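Quick look at data.cif (mmCIF, C-alpha atoms and all ligand atoms):
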data_coords
loop_
_atom_site.group_PDB
_atom_site.id
_atom_site.type_symbol
_atom_site.label_atom_id
_atom_site.label_comp_id
_atom_site.auth_asym_id
_atom_site.auth_seq_id
_atom_site.Cartn_x
_atom_site.Cartn_y
_atom_site.Cartn_z
ATOM 1 C CA MET A 1 -8.775 148.042 130.020
ATOM 2 C CA PRO A 2 -6.130 148.763 127.353
ATOM 3 C CA PRO A 3 -5.599 145.963 124.801
ATOM 4 C CA SER A 4 -2.786 143.638 125.846
ATOM 5 C CA LEU A 5 0.402 143.572 123.834
ATOM 6 C CA ASN A 6 -0.140 141.429 120.769
ATOM 7 C CA THR A 7 3.074 139.545 120.079
ATOM 8 C CA HIS A 8 4.306 137.423 117.147
ATOM 9 C CA PRO A 9 6.970 134.803 116.390
ATOM 10 C CA VAL A 10 9.187 136.801 113.983
ATOM 11 C CA HIS A 11 12.925 137.297 114.596
ATOM 12 C CA LEU A 12 15.065 139.422 112.267
ATOM 13 C CA HIS A 13 18.835 139.789 112.107
ATOM 14 C CA THR A 14 21.027 142.641 110.903
ATOM 15 C CA PRO A 15 24.824 142.725 110.811
ATOM 16 C CA ARG A 16 24.935 143.842 114.470
ATOM 17 C CA LEU A 17 21.420 143.462 115.868
ATOM 18 C CA HIS A 18 18.836 140.840 116.740
ATOM 19 C CA LEU A 19 15.254 142.078 116.389
ATOM 20 C CA ARG A 20 13.070 139.913 118.586
ATOM 21 C CA PRO A 21 9.362 140.148 119.375
ATOM 22 C CA MET A 22 8.370 142.808 121.943
ATOM 23 C CA THR A 23 6.716 141.117 124.929
ATOM 24 C CA ASP A 24 5.179 141.950 128.305
ATOM 25 C CA ALA A 25 8.648 141.411 129.795
ATOM 26 C CA ASP A 26 9.773 144.664 128.111
ATOM 27 C CA TRP A 27 7.613 147.173 130.029
ATOM 28 C CA ASP A 28 10.430 148.328 132.343
ATOM 29 C CA THR A 29 12.723 148.998 129.391
ATOM 30 C CA LEU A 30 10.014 150.695 127.367
ATOM 31 C CA LEU A 31 9.043 152.824 130.358
ATOM 32 C CA ARG A 32 12.655 153.960 130.866
ATOM 33 C CA TRP A 33 12.950 154.997 127.211
ATOM 34 C CA ASN A 34 9.546 156.684 127.360
ATOM 35 C CA GLN A 35 10.627 158.702 130.389
ATOM 36 C CA ASP A 36 13.797 160.046 128.766
ATOM 37 C CA PRO A 37 13.035 163.582 127.518
ATOM 38 C CA ASP A 38 15.923 163.488 125.013
ATOM 39 C CA VAL A 39 14.485 160.366 123.368
ATOM 40 C CA LEU A 40 10.898 161.615 123.461
ATOM 41 C CA TYR A 41 11.880 164.961 121.962
ATOM 42 C CA TYR A 42 12.675 163.139 118.725
ATOM 43 C CA ALA A 43 10.492 160.040 118.997
ATOM 44 C CA ASP A 44 7.197 161.793 119.749
ATOM 45 C CA GLY A 45 5.537 164.644 117.917
ATOM 46 C CA ALA A 46 3.735 165.730 121.078
ATOM 47 C CA ASP A 47 5.459 168.075 123.506
ATOM 48 C CA VAL A 48 5.774 165.398 126.184
ATOM 49 C CA THR A 49 8.732 164.641 128.459
ATOM 50 C CA ALA A 50 7.550 161.412 130.138
ATOM 51 C CA TYR A 51 4.792 158.829 129.822
ATOM 52 C CA THR A 52 3.369 156.713 132.642
ATOM 53 C CA LEU A 53 3.261 152.913 132.555
ATOM 54 C CA ASP A 54 -0.507 153.004 131.993
ATOM 55 C CA GLN A 55 -0.069 155.349 129.051
ATOM 56 C CA ILE A 56 2.589 153.251 127.348
ATOM 57 C CA LYS A 57 0.633 150.034 127.879
ATOM 58 C CA ARG A 58 -2.288 151.696 126.125
ATOM 59 C CA ILE A 59 -0.086 153.051 123.293
ATOM 60 C CA TYR A 60 1.884 149.863 122.563
ATOM 61 C CA GLY A 61 -1.108 147.617 123.203
ATOM 62 C CA GLY A 62 -3.030 149.539 120.557
ATOM 63 C CA ILE A 63 -0.224 149.673 117.991
ATOM 64 C CA SER A 64 0.617 145.983 118.361
ATOM 65 C CA GLN A 65 -2.880 144.931 117.247
ATOM 66 C CA ALA A 66 -1.873 145.762 113.650
ATOM 67 C CA ALA A 67 1.920 145.694 113.857
ATOM 68 C CA PHE A 68 4.955 143.498 114.277
ATOM 69 C CA CYS A 69 6.608 145.164 117.282
ATOM 70 C CA PHE A 70 10.273 144.405 117.914
ATOM 71 C CA ILE A 71 12.971 145.068 120.474
ATOM 72 C CA ALA A 72 16.419 145.380 118.913
ATOM 73 C CA GLU A 73 19.208 143.859 120.950
ATOM 74 C CA LEU A 74 22.917 144.565 120.643
ATOM 75 C CA ASP A 75 25.049 141.875 122.265
ATOM 76 C CA GLY A 76 21.956 140.643 124.118
ATOM 77 C CA GLN A 77 21.012 144.089 125.505
ATOM 78 C CA PRO A 78 17.879 145.947 124.384
ATOM 79 C CA ILE A 79 18.757 149.242 122.695
ATOM 80 C CA ALA A 80 15.793 150.099 120.442
ATOM 81 C CA GLU A 81 12.139 149.561 119.666
ATOM 82 C CA ALA A 82 10.729 149.358 116.147
ATOM 83 C CA TRP A 83 7.673 148.161 114.334
ATOM 84 C CA LEU A 84 6.169 147.457 110.934
ATOM 85 C CA GLN A 85 2.520 148.478 111.111
ATOM 86 C CA ALA A 86 -0.456 148.438 108.768
ATOM 87 C CA MET A 87 -0.974 151.971 107.459
ATOM 88 C CA ASN A 88 -3.210 153.930 109.819
ATOM 89 C CA LEU A 89 -3.191 157.407 108.265
ATOM 90 C CA SER A 90 -6.191 158.211 106.084
ATOM 91 C CA ARG A 91 -4.212 160.685 103.952
ATOM 92 C CA ILE A 92 -2.001 157.783 102.802
ATOM 93 C CA ILE A 93 -4.676 155.054 102.657
ATOM 94 C CA GLU A 94 -6.873 157.243 100.442
ATOM 95 C CA ALA A 95 -3.984 158.053 98.106
ATOM 96 C CA HIS A 96 -3.150 154.327 97.629
ATOM 97 C CA PRO A 97 -6.591 152.619 97.491
ATOM 98 C CA ASP A 98 -5.432 149.366 95.857
ATOM 99 C CA SER A 99 -2.082 148.949 97.597
ATOM 100 C CA ASP A 100 -0.855 147.274 100.762
ATOM 101 C CA CYS A 101 0.792 150.144 102.630
ATOM 102 C CA ARG A 102 2.750 149.743 105.853
ATOM 103 C CA ARG A 103 4.713 152.110 108.052
ATOM 104 C CA ILE A 104 7.918 151.802 110.026
ATOM 105 C CA ASP A 105 8.483 153.596 113.324
ATOM 106 C CA LEU A 106 11.594 153.233 115.420
ATOM 107 C CA SER A 107 13.435 154.746 118.323
ATOM 108 C CA ILE A 108 16.848 153.893 119.687
ATOM 109 C CA GLY A 109 16.118 154.310 123.397
ATOM 110 C CA GLU A 110 19.768 153.945 124.417
ATOM 111 C CA LYS A 111 20.895 157.271 123.021
ATOM 112 C CA GLN A 112 24.618 156.524 123.190
ATOM 113 C CA TYR A 113 23.930 154.348 120.139
ATOM 114 C CA TRP A 114 22.551 157.160 117.963
ATOM 115 C CA ASN A 115 24.526 157.971 114.820
ATOM 116 C CA LYS A 116 26.300 154.626 114.530
ATOM 117 C CA GLY A 117 24.359 153.235 111.593
ATOM 118 C CA LEU A 118 22.159 151.009 113.786
ATOM 119 C CA GLY A 119 18.917 152.789 112.869
ATOM 120 C CA THR A 120 19.743 152.223 109.206
ATOM 121 C CA GLU A 121 20.237 148.508 109.916
ATOM 122 C CA ILE A 122 16.853 148.295 111.667
ATOM 123 C CA ILE A 123 15.073 150.076 108.810
ATOM 124 C CA CYS A 124 16.707 147.762 106.229
ATOM 125 C CA ALA A 125 15.609 144.665 108.153
ATOM 126 C CA LEU A 126 12.005 145.870 108.506
ATOM 127 C CA VAL A 127 11.794 146.917 104.849
ATOM 128 C CA ASP A 128 13.128 143.565 103.705
ATOM 129 C CA PHE A 129 10.643 141.744 105.965
ATOM 130 C CA GLY A 130 7.794 143.971 104.776
ATOM 131 C CA PHE A 131 8.413 143.376 101.096
ATOM 132 C CA ALA A 132 9.758 139.807 101.078
ATOM 133 C CA GLU A 133 7.522 138.198 103.703
ATOM 134 C CA GLU A 134 4.532 140.476 104.136
ATOM 135 C CA LYS A 135 4.226 141.330 100.409
ATOM 136 C CA ALA A 136 3.642 145.020 101.055
ATOM 137 C CA ASP A 137 3.511 147.352 98.045
ATOM 138 C CA PHE A 138 4.724 150.514 99.790
ATOM 139 C CA ILE A 139 6.413 151.175 103.106
ATOM 140 C CA PHE A 140 6.296 154.618 104.665
ATOM 141 C CA ALA A 141 8.022 156.612 107.363
ATOM 142 C CA CYS A 142 5.420 159.068 108.614
ATOM 143 C CA ASP A 143 5.394 162.402 110.380
ATOM 144 C CA ILE A 144 9.156 162.964 110.361
ATOM 145 C CA ALA A 145 9.648 166.383 111.936
ATOM 146 C CA ASP A 146 11.796 169.121 110.447
ATOM 147 C CA TYR A 147 13.911 169.126 113.622
ATOM 148 C CA ASN A 148 14.856 165.459 113.065
ATOM 149 C CA PRO A 149 17.214 165.434 110.059
ATOM 150 C CA ARG A 150 18.941 162.341 111.446
ATOM 151 C CA SER A 151 15.788 160.276 111.053
ATOM 152 C CA ARG A 152 15.215 161.595 107.558
ATOM 153 C CA ALA A 153 18.853 160.822 106.646
ATOM 154 C CA ALA A 154 18.583 157.244 107.939
ATOM 155 C CA PHE A 155 15.465 156.540 105.849
ATOM 156 C CA THR A 156 17.041 158.247 102.824
ATOM 157 C CA LYS A 157 20.072 155.945 103.073
ATOM 158 C CA VAL A 158 17.752 152.944 102.756
ATOM 159 C CA GLY A 159 16.089 154.356 99.617
ATOM 160 C CA PHE A 160 13.048 156.228 100.970
ATOM 161 C CA HIS A 161 12.169 159.571 99.420
ATOM 162 C CA VAL A 162 9.908 162.389 100.568
ATOM 163 C CA VAL A 163 6.362 162.171 99.154
ATOM 164 C CA ALA A 164 4.590 164.767 101.293
ATOM 165 C CA HIS A 165 5.671 167.906 103.087
ATOM 166 C CA ILE A 166 3.043 168.998 105.601
ATOM 167 C CA PRO A 167 3.247 172.406 107.321
ATOM 168 C CA GLN A 168 2.220 172.344 110.973
ATOM 169 C CA PRO A 169 0.164 174.892 112.915
ATOM 170 C CA PRO A 170 2.209 177.378 114.946
ATOM 171 C CA GLY A 171 2.924 176.585 118.599
ATOM 172 C CA GLY A 172 4.033 172.956 118.209
ATOM 173 C CA LYS A 173 7.555 171.553 118.118
ATOM 174 C CA ALA A 174 7.664 171.139 114.338
ATOM 175 C CA ARG A 175 7.082 173.786 111.687
ATOM 176 C CA ALA A 176 6.657 170.989 109.149
ATOM 177 C CA ILE A 177 6.629 167.211 108.976
ATOM 178 C CA CYS A 178 7.167 164.908 106.029
ATOM 179 C CA ASP A 179 6.135 161.448 104.887
ATOM 180 C CA MET A 180 8.733 159.284 103.138
ATOM 181 C CA ARG A 181 8.068 156.203 101.035
ATOM 182 C CA ILE A 182 9.784 153.299 99.339
ATOM 183 C CA ALA A 183 8.056 151.051 96.760
ATOM 184 C CA LYS A 184 8.579 147.311 96.459
ATOM 185 C CA THR A 185 9.859 147.896 92.922
ATOM 186 C CA GLU A 186 12.436 150.427 94.132
ATOM 187 C CA TRP A 187 13.684 148.039 96.820
ATOM 188 C CA ALA A 188 13.871 145.184 94.315
ATOM 189 C CA ALA A 189 15.776 147.426 91.906
ATOM 190 C CA GLY A 190 18.466 147.920 94.500
ATOM 191 C CA ALA A 191 17.539 151.116 96.286
ATOM 192 C CA ASN A 192 18.825 149.339 99.375
ATOM 193 C CA PRO A 193 22.469 150.173 100.049
ATOM 194 C CA SER A 194 24.313 148.101 102.585
ATOM 195 C CA PRO A 195 24.180 149.846 105.960
HETATM 196 C C1 LIG B 201 16.353 158.415 114.168
HETATM 197 C C2 LIG B 201 17.185 157.185 114.520
HETATM 198 C C3 LIG B 201 16.329 155.938 114.519
HETATM 199 C C4 LIG B 201 18.284 157.045 113.453
HETATM 200 O O1 LIG B 201 19.099 155.956 113.804
HETATM 201 P P1 LIG B 201 20.705 156.190 113.916
HETATM 202 O O2 LIG B 201 21.312 154.888 114.154
HETATM 203 O O3 LIG B 201 20.955 157.276 114.912
HETATM 204 O O4 LIG B 201 21.012 156.748 112.464
HETATM 205 P P2 LIG B 201 22.145 156.240 111.452
HETATM 206 O O5 LIG B 201 23.472 156.371 112.131
HETATM 207 O O6 LIG B 201 21.766 154.933 110.888
HETATM 208 O O7 LIG B 201 22.007 157.320 110.290
HETATM 209 C C5 LIG B 201 21.882 158.679 110.623
HETATM 210 C C6 LIG B 201 22.363 159.529 109.481
HETATM 211 O O8 LIG B 201 21.945 160.871 109.783
HETATM 212 C C7 LIG B 201 23.041 161.724 109.657
HETATM 213 N N1 LIG B 201 22.804 162.835 110.576
HETATM 214 C C8 LIG B 201 22.934 162.845 111.903
HETATM 215 N N2 LIG B 201 22.615 164.068 112.374
HETATM 216 C C9 LIG B 201 22.261 164.808 111.297
HETATM 217 C C10 LIG B 201 21.854 166.165 111.140
HETATM 218 N N3 LIG B 201 21.709 166.981 112.192
HETATM 219 N N4 LIG B 201 21.578 166.606 109.882
HETATM 220 C C11 LIG B 201 21.686 165.765 108.816
HETATM 221 N N5 LIG B 201 22.090 164.471 108.908
HETATM 222 C C12 LIG B 201 22.374 164.013 110.152
HETATM 223 C C13 LIG B 201 24.222 160.876 110.043
HETATM 224 O O9 LIG B 201 25.417 161.478 109.553
HETATM 225 C C14 LIG B 201 23.875 159.564 109.351
HETATM 226 O O10 LIG B 201 24.147 159.617 107.971
HETATM 227 P P3 LIG B 201 25.538 159.008 107.353
HETATM 228 O O11 LIG B 201 25.613 157.594 107.786
HETATM 229 O O12 LIG B 201 25.366 159.193 105.879
HETATM 230 O O13 LIG B 201 26.636 159.835 107.935
HETATM 231 C C15 LIG B 201 17.845 157.344 115.942
HETATM 232 O O14 LIG B 201 18.751 158.426 115.908
HETATM 233 C C16 LIG B 201 16.828 157.561 117.047
HETATM 234 O O15 LIG B 201 16.232 156.600 117.514
HETATM 235 N N6 LIG B 201 16.601 158.830 117.432
HETATM 236 C C17 LIG B 201 15.645 159.142 118.502
HETATM 237 C C18 LIG B 201 14.197 158.787 118.162
HETATM 238 C C19 LIG B 201 13.802 159.190 116.760
HETATM 239 O O16 LIG B 201 14.187 160.225 116.245
HETATM 240 N N7 LIG B 201 12.982 158.334 116.115
HETATM 241 C C20 LIG B 201 12.474 158.580 114.779
HETATM 242 C C21 LIG B 201 11.259 159.426 114.805
HETATM 243 S S1 LIG B 201 10.711 159.850 113.159
#
So that I can check it, write out the structure of this file as structure tokens.
Amino acid sequence: MPPSLNTHPVHLHTPRLHLRPMTDADWDTLLRWNQDPDVLYYADGADVTAYTLDQIKRIYGGISQAAFCFIAELDGQPIAEAWLQAMNLSRIIEAHPDSDCRRIDLSIGEKQYWNKGLGTEIICALVDFGFAEEKADFIFACDIADYNPRSRAAFTKVGFHVVAHIPQPPGGKARAICDMRIAKTEWAAGANPSP
């Protein structure tokens, strides 16, 4: 049995969006986004064009055990998924042994809303929550592929910078991926532009 979705009581607000807890009522929406090859091309490093309901229940159930998972709503309609998760990559944990490191992942499943500044708003809200409420030291965006400059640009606008550039073996979608990071001190110093 996959772990059930672990939910939470946190709501966040951006200028245009309401980020509410992801719940078991969201499986249909999450399945639709996870069966859209255009979304998955960018959202997933694997060469996959659709996931099954069982697969996504396993994936989100697992992630939610150590993450605040949100659905972002625009005018009451779900348009994106996003989470702030405890760091799960050993390459980053080992490089920051005494720090609380988190990661942000997000995907705007309704692709007509790409490139309208909404991803930047979601990242700002999660970074603010991570530093102000969760007292994280560093927040990362991990495994951003070289074919996804839009994602890299959105994190850059919020104040993240590239800390690792990792070449990938031939045959996969990406020739290289990168990790980006923002420190609590950088956010406090005003690295955060208004979206
Ligand atoms: C990545 C994602 C979350 C970004 O959110 P968004 O709302 O589309 O992005 P924003 O509009 O906030 O910012 C995107 C920036 O990238 C820029 N951009 C877009 N395409 C670009 C390209 N090909 N090269 C360089 N910059 C690009 C935009 O101009 C914009 O910058 P600007 O505001 O300075 O003009 C969203 O596009 C998405 O969900 N994509 C599919 C899934 C995905 O890629 N998830 C992330 C996996 S790491």
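With all atoms listed in the file as the atoms that count, the minimum distance from ligand LIG 201 (chain B) to the choices A:Val162, A:Met1, A:Ala72, A:Val39 is reached by A:Val39.
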Fill in: Shell of 6 Å around ligand LIG 201 (chain B) (all atoms listed in the file), written as an MDAnalysis selection string
chainID A and resid 39 42:43 106:108 114:120 144 149:151 153:154
Discussion item. For the PyMOL selection byres (((chain A and resi 85) around 9) and not hetatm), applied here, can you spell out every residue it catches as a list in words?
Written reply: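 Residues picked by the PyMOL selection byres (((chain A and resi 85) around 9) and not hetatm): Ile63, Ser64, Gln65, Ala66, Ala67, Phe68, Cys69, Trp83, Leu84, Ala86, Met87, Asn88, Cys101, Arg102, Arg103, Ile104 and Asp105 of chain A.
From CA of Leu19 (chain A) back to CA of Glu73 (chain A), the distance works out to 6.3 Å.
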Please report, as AutoDock Vina command-line options, the centre and edge lengths in Å to one decimal of an axis-aligned box covering all listed atoms of region 91-98 of chain A with 6 Å per side.
--center_x -4.4 --center_y 155.0 --center_z 99.9 --size_x 16.9 --size_y 23.3 --size_z 20.1
Fill in: Residue among A:Ala188, A:Asp47, A:Arg91, A:Gln112 lying closest to Ala164 (chain A), counting only C-alpha atoms
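Of the candidates, the smallest distance to Ala164 (chain A) is held by A:Arg91.
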Worksheet item: Just how far from CA of Phe70 (chain A) is CA of Met22 (chain A), in Å to one decimal?
Response: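 Computed distance, CA of Met22 (chain A) to CA of Phe70 (chain A), equals 4.7 Å.
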Practice prompt. Fewer than 3 positions away in the same chain doesn't count, so skip those; otherwise give me all residues within 10 Å of Asp75 (chain A), counting only C-alpha atoms, as a list in words.
Written response: Arg16, Leu17, His18, Ala72, Pro78 and Ile79 of chain A
Worksheet item: Residues picked by the PyMOL selection byres (((chain A and resi 187) around 9) and not hetatm) here, as a VMD selection string?
Response: chain A and resid 127 to 128 131 158 to 159 182 to 186 188 to 192
Item to complete: Work out how far CA of Phe155 (chain A) is from CA of Gln168 (chain A), in Å to one decimal.
Response: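 Separation of CA of Gln168 (chain A) and CA of Phe155 (chain A): 21.2 Å.
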Discussion item. With distances taken over all atoms listed in the file, which residue among A:Ala136, A:Leu31, A:Ile92, A:Leu126 lies nearest Met180 (chain A)?
Written reply: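 The answer is A:Ile92, which sits nearest to Met180 (chain A).
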Item to complete: Name the residues that the PyMOL selection byres (((chain A and resi 29) around 10) and not hetatm) pulls out of this structure, and write them as a list of chain:residue names.
Response: A:Ala25, A:Asp26, A:Trp27, A:Asp28, A:Leu30, A:Leu31, A:Arg32, A:Trp33, A:Asn34, A:Gln35, A:Ile71, A:Pro78, A:Ile79, A:Ala80, A:Glu81, A:Gly109, A:Glu110
Worksheet item: From the list A:Thr23, A:Arg175, A:His96, A:Asp36, which residue is nearest Thr52 (chain A) when using all atoms listed in the file?
Response: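 Among the listed residues, the smallest separation from Thr52 (chain A) belongs to A:Asp36.
Of the residues under consideration (A:Asn148, A:Thr156, A:Asn6, A:Ser90), A:Asn148 shows the shortest atom-to-atom contact distance to Leu40 (chain A) when counting all atoms listed in the file.
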Item to complete: Go through A:Phe129, A:Tyr60, A:Tyr51, A:Tyr113 one by one, measure the shortest atom-to-atom distance of each to Gln77 (chain A) using only C-alpha atoms, and give the residue with the smallest value.
Response: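 The answer is A:Tyr113, which sits nearest to Gln77 (chain A).
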Worksheet item: Using all atoms listed in the file, can you list as JSON, numbers by chain the residues within 10 Å of (23.6, 141.4, 110.4)?
Response: {"A": [12, 13, 14, 15, 16, 17, 18, 121, 122, 125, 195]}
Worksheet entry | Selection: 10 Å around Tyr41 (chain A), all atoms listed in the file, excl. self and same-chain fewer than 6 positions, as a PyMOL selection string | chain A and resi 47-50+147-148+173
